[in-house]
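The next block is structure-v7.csv, given as CSV, C-alpha atoms.
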chain,number,residue,atom,x,y,z
A,1,MET,CA,-63.5,183.8,192.7
A,2,LEU,CA,-66.2,182.1,190.8
A,3,LEU,CA,-66.6,178.4,191.4
A,4,HIS,CA,-68.2,175.7,189.2
A,5,TYR,CA,-71.3,174.1,190.8
A,6,VAL,CA,-73.6,171.3,189.8
A,7,VAL,CA,-77.1,172.1,191.1
A,8,LEU,CA,-79.2,169.0,192.0
A,9,LYS,CA,-83.0,169.0,192.7
A,10,ARG,CA,-85.3,166.7,194.6
A,11,ASN,CA,-88.9,167.7,194.7
A,12,LYS,CA,-88.6,171.4,195.6
A,13,GLU,CA,-85.3,171.0,197.4
A,14,PHE,CA,-82.1,172.3,195.7
A,15,LEU,CA,-78.5,171.3,196.5
A,16,ALA,CA,-75.3,172.8,195.0
A,17,VAL,CA,-72.1,170.7,194.9
A,18,ILE,CA,-68.7,172.1,193.9
A,19,THR,CA,-67.4,170.1,191.0
A,20,ASN,CA,-63.8,169.1,190.5
A,21,PRO,CA,-62.1,165.7,189.9
A,22,ASN,CA,-62.0,165.0,193.6
A,23,THR,CA,-65.8,165.4,194.2
A,24,GLN,CA,-67.3,163.7,191.2
A,25,TRP,CA,-67.9,160.5,193.1
A,26,GLU,CA,-70.0,162.4,195.5
A,27,LEU,CA,-72.7,163.1,192.9
A,28,GLY,CA,-73.5,159.4,192.7
A,29,HIS,CA,-74.4,159.4,196.4
A,30,TYR,CA,-76.8,162.2,195.8
A,31,TYR,CA,-78.4,160.5,192.8
A,32,ASP,CA,-79.0,157.5,195.0
A,33,GLN,CA,-80.8,159.7,197.5
A,34,GLY,CA,-83.2,160.8,194.8
A,35,TYR,CA,-81.6,164.0,193.6
A,36,ALA,CA,-81.4,164.6,189.9
A,37,PHE,CA,-79.1,166.9,187.9
A,38,PHE,CA,-80.8,170.3,187.5
A,39,MET,CA,-78.2,172.6,185.9
A,40,GLU,CA,-74.6,173.8,186.1
A,41,ALA,CA,-73.8,177.2,187.6
A,42,GLN,CA,-70.9,179.5,188.1
A,43,ALA,CA,-71.2,181.3,191.4
A,44,PHE,CA,-69.2,182.6,194.4
A,45,SER,CA,-71.0,180.3,196.9
A,46,ALA,CA,-73.4,177.3,197.0
A,47,SER,CA,-76.3,179.5,198.0
A,48,ALA,CA,-75.6,181.8,195.1
A,49,ALA,CA,-75.6,178.8,192.7
A,50,ILE,CA,-79.0,177.7,194.2
A,51,GLU,CA,-80.4,181.2,193.7
A,52,VAL,CA,-79.3,181.1,190.0
A,53,ALA,CA,-81.0,177.7,189.6
A,54,LYS,CA,-84.2,179.0,191.2
A,55,GLN,CA,-84.2,182.0,188.9
A,56,ASN,CA,-83.9,179.7,185.9
A,57,GLU,CA,-86.3,177.1,187.3
A,58,ASN,CA,-89.1,178.3,185.0
A,59,SER,CA,-87.0,178.3,181.9
A,60,GLU,CA,-88.2,175.8,179.3
A,61,ILE,CA,-84.8,174.5,178.4
A,62,VAL,CA,-83.8,174.0,182.1
A,63,LYS,CA,-87.0,172.1,182.7
A,64,LEU,CA,-86.4,169.8,179.7
A,65,GLN,CA,-82.7,169.3,180.7
A,66,PHE,CA,-83.8,168.4,184.2
A,67,GLU,CA,-86.4,165.9,182.9
A,68,LEU,CA,-84.0,164.4,180.4
A,69,ASN,CA,-81.3,163.8,183.1
A,70,ALA,CA,-83.9,162.4,185.5
A,71,LEU,CA,-85.0,159.9,182.8
A,72,ARG,CA,-81.4,159.0,182.1
A,73,GLN,CA,-80.8,158.2,185.8
A,74,GLU,CA,-84.0,156.1,186.0
A,75,HIS,CA,-83.0,154.3,182.8
A,76,GLN,CA,-79.6,153.5,184.3
A,77,LYS,CA,-81.2,152.1,187.5
A,78,LEU,CA,-83.6,150.0,185.4
A,79,GLN,CA,-80.8,148.7,183.3
A,80,ASN,CA,-78.8,147.7,186.5
A,81,GLU,CA,-81.9,146.0,188.0
A,82,TYR,CA,-82.5,144.1,184.7
A,83,SER,CA,-78.9,142.9,184.6
A,84,ASN,CA,-79.2,141.7,188.1
A,85,LEU,CA,-82.4,139.9,187.5
A,86,LYS,CA,-81.2,138.4,184.2
A,87,PHE,CA,-77.9,137.0,185.5
A,88,ASN,CA,-78.7,136.1,189.1
A,89,ASN,CA,-80.8,133.3,190.5
A,90,ARG,CA,-82.5,133.2,193.9
A,91,PHE,CA,-79.2,132.4,195.6
A,92,GLY,CA,-77.5,135.5,194.0
A,93,TYR,CA,-75.1,133.4,191.9
A,94,SER,CA,-74.4,134.3,188.4
A,95,PHE,CA,-75.1,131.4,186.1
A,96,GLY,CA,-72.8,132.6,183.3
A,97,ALA,CA,-72.9,131.3,179.8
A,98,ASN,CA,-73.6,127.6,180.7
A,99,ASN,CA,-76.7,128.5,182.8
A,100,LEU,CA,-75.8,126.1,185.6
A,101,ASN,CA,-76.3,126.7,189.2
A,102,PRO,CA,-72.9,126.3,191.0
A,103,LEU,CA,-74.6,124.8,194.0
A,104,GLU,CA,-76.2,122.1,192.0
A,105,VAL,CA,-73.1,121.4,190.0
A,106,LEU,CA,-71.2,120.6,193.2
A,107,GLY,CA,-74.1,118.8,194.8
A,108,PHE,CA,-75.2,121.3,197.4
A,109,THR,CA,-78.6,122.6,198.3
A,110,VAL,CA,-77.4,125.3,200.6
A,111,HIS,CA,-74.1,127.2,200.6
A,112,PRO,CA,-71.4,125.1,202.1
A,113,ASN,CA,-68.7,126.2,204.5
A,114,GLN,CA,-65.1,126.5,203.2
A,115,ASP,CA,-64.1,123.0,204.3
A,116,GLU,CA,-67.1,121.3,202.7
A,117,LEU,CA,-66.6,123.2,199.5
A,118,GLN,CA,-62.9,122.3,199.3
A,119,LYS,CA,-63.6,118.6,200.1
A,120,ARG,CA,-66.3,118.3,197.5
A,121,HIS,CA,-64.2,120.1,194.9
A,122,ARG,CA,-61.2,117.7,195.6
A,123,GLN,CA,-63.5,114.7,195.3
A,124,LEU,CA,-64.9,115.8,191.9
A,125,VAL,CA,-61.5,116.8,190.6
A,126,GLN,CA,-60.0,113.4,191.5
A,127,LYS,CA,-62.9,111.7,189.7
A,128,PHE,CA,-63.3,113.9,186.6
A,129,HIS,CA,-59.8,115.3,185.9
A,130,PRO,CA,-58.7,114.8,182.3
A,131,ASP,CA,-55.5,113.1,183.6
A,132,LYS,CA,-57.6,110.4,185.2
A,133,ASP,CA,-59.6,109.7,182.0
A,134,GLY,CA,-62.1,112.5,182.9
A,135,ASN,CA,-63.5,115.1,180.6
A,136,ASN,CA,-62.2,118.6,180.0
A,137,PHE,CA,-65.7,120.1,179.6
A,138,LEU,CA,-66.9,118.6,182.9
A,139,MET,CA,-63.8,119.7,184.7
A,140,GLN,CA,-64.3,123.2,183.4
A,141,ILE,CA,-67.9,123.3,184.7
A,142,ILE,CA,-66.7,122.0,188.1
A,143,GLN,CA,-63.9,124.5,188.3
A,144,ASN,CA,-66.2,127.4,187.3
A,145,ALA,CA,-68.8,126.4,189.9
A,146,TYR,CA,-66.1,126.1,192.6
A,147,GLU,CA,-64.6,129.5,191.8
A,148,GLN,CA,-68.1,131.2,192.0
A,149,LEU,CA,-68.8,129.6,195.4
A,150,LYS,CA,-65.3,130.4,196.6
A,151,GLU,CA,-65.6,134.0,195.6
A,152,ARG,CA,-69.0,134.2,197.3
A,153,ARG,CA,-67.4,132.9,200.5
A,154,SER,CA,-64.7,135.7,200.6

Written form, C-alpha cells:
Amino acid sequence: MLLHYVVLKRNKEFLAVITNPNTQWELGHYYDQGYAFFMEAQAFSASAAIEVAKQNENSEIVKLQFELNALRQEHQKLQNEYSNLKFNNRFGYSFGANNLNPLEVLGFTVHPNQDELQKRHRQLVQKFHPDKDGNNFLMQIIQNAYEQLKERRS
C-alpha cells in the first residue's frame, strides 16, 4: 500500500515523515530543528520516499520549491521574532495599546510576589475606583497592569 510522505531536508540529510491529520504537528518540530520541506512523495516506505527525493534532487522545480519553502519558514521565524521585539520590553511584558509598563503602573521595579501584587492592587483600587470619585481611565490602566502581572505569575 502506497503511503503519503513529506520529505524534509537539512544540508545533505533527508527525512521522510508519513503525513496524516495525527502527525501534522510533528512537522513543526522538524522545522524547528532546521529541516525544510523538500517534496511530497508516494511510496511503500520512508526509505523509498527518500530515494524518490534523492532522484529528484537535481530537478530544477524541486530545487526552487525547496528554496521557496525554506524562505517561507525563515520569513515566519523573522515575523515571530519581530512581533516579540515589537511588543515586549526587557521584562517580557506586553505593553499593549497604551504603551505602559505594568510594573511601573503599579509602582514596582521588580516583579512582586502574589501577596505584594494583590496588596498594591487593592490600595490603588480603593484610591482610584470610580465609585470613590476616581477615574475610569486610570482604573482601566491599573486593572490591565494587574491582569498582566497576575498572568505572568501563573

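Using only C-alpha atoms, the protein and nucleic acid residues lying no more than 9 Å from His4 in chain A, apart from those fewer than 6 places from it along its own chain, are Val17, Ile18, Thr19, Asn20, Glu40, Ala41, Gln42, Ala43, Phe44 and Ala49 of chain A.
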
Report task. Would you work out the distance separating CA of Lys63 in chain A from CA of Asn80 in chain A, expressed in Å to one decimal? Result ->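 Taking CA of Lys63 in chain A as the start and CA of Asn80 in chain A as the end point, the length is 26.0 Å.
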
Query raised in the report: Could you pull the residues within 12 Å of Arg10 in chain A, counting all atoms listed in the file, minus those fewer than 6 positions along the same chain, as a VMD selection string?
Result: chain A and resid 16 30 to 38 66 to 67 70

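Of the listed residues (A:Glu60, A:Glu26, A:Glu116, A:Glu81), A:Glu116 comes nearest to Tyr146 in chain A; the distances count only C-alpha atoms.
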
Report task. Please indicate the distance in Å from CA of Arg120 in chain A to CA of Leu106 in chain A, rounded to one decimal place. Result -> 6.9 Å

Query raised in the report: Counting all atoms listed in the file, which of A:Gln143, A:Phe14, A:Val125, A:His75 gets nearest to Val52 in chain A?
Result: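 The shortest atom-to-atom distance to Val52 in chain A comes from A:Phe14.
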
Requested in this report: Please indicate the distance in Å from CA of Glu74 in chain A to CA of Ser59 in chain A, rounded to one decimal place.
Outcome: 22.8 Å

Would you list the contacts of Asn113 in chain A as an mmCIF file with C-alpha atoms, keeping the file's coordinate frame, taking every protein, DNA or RNA residue within 10 Å and counting only C-alpha atoms, but skipping same-chain residues closer than 2 positions in sequence?
data_model
loop_
_atom_site.group_PDB
_atom_site.id
_atom_site.type_symbol
_atom_site.label_atom_id
_atom_site.label_comp_id
_atom_site.auth_asym_id
_atom_site.auth_seq_id
_atom_site.Cartn_x
_atom_site.Cartn_y
_atom_site.Cartn_z
ATOM 1 C CA VAL A 110 -77.400 125.300 200.600
ATOM 2 C CA HIS A 111 -74.100 127.200 200.600
ATOM 3 C CA ASP A 115 -64.100 123.000 204.300
ATOM 4 C CA GLU A 116 -67.100 121.300 202.700
ATOM 5 C CA LEU A 117 -66.600 123.200 199.500
ATOM 6 C CA GLN A 118 -62.900 122.300 199.300
ATOM 7 C CA LEU A 149 -68.800 129.600 195.400
ATOM 8 C CA LYS A 150 -65.300 130.400 196.600
ATOM 9 C CA ARG A 153 -67.400 132.900 200.500
#

Query - Distance query Ile50 in chain A at most 9 Å, only C-alpha atoms, self and fewer than 4 positions along chain excluded, as a list in words - result: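 Counting only the stated atoms, we get Val7, Leu8, Phe14, Leu15, Ala16, Ala41, Ser45, Ala46, Lys54 and Gln55 of chain A.
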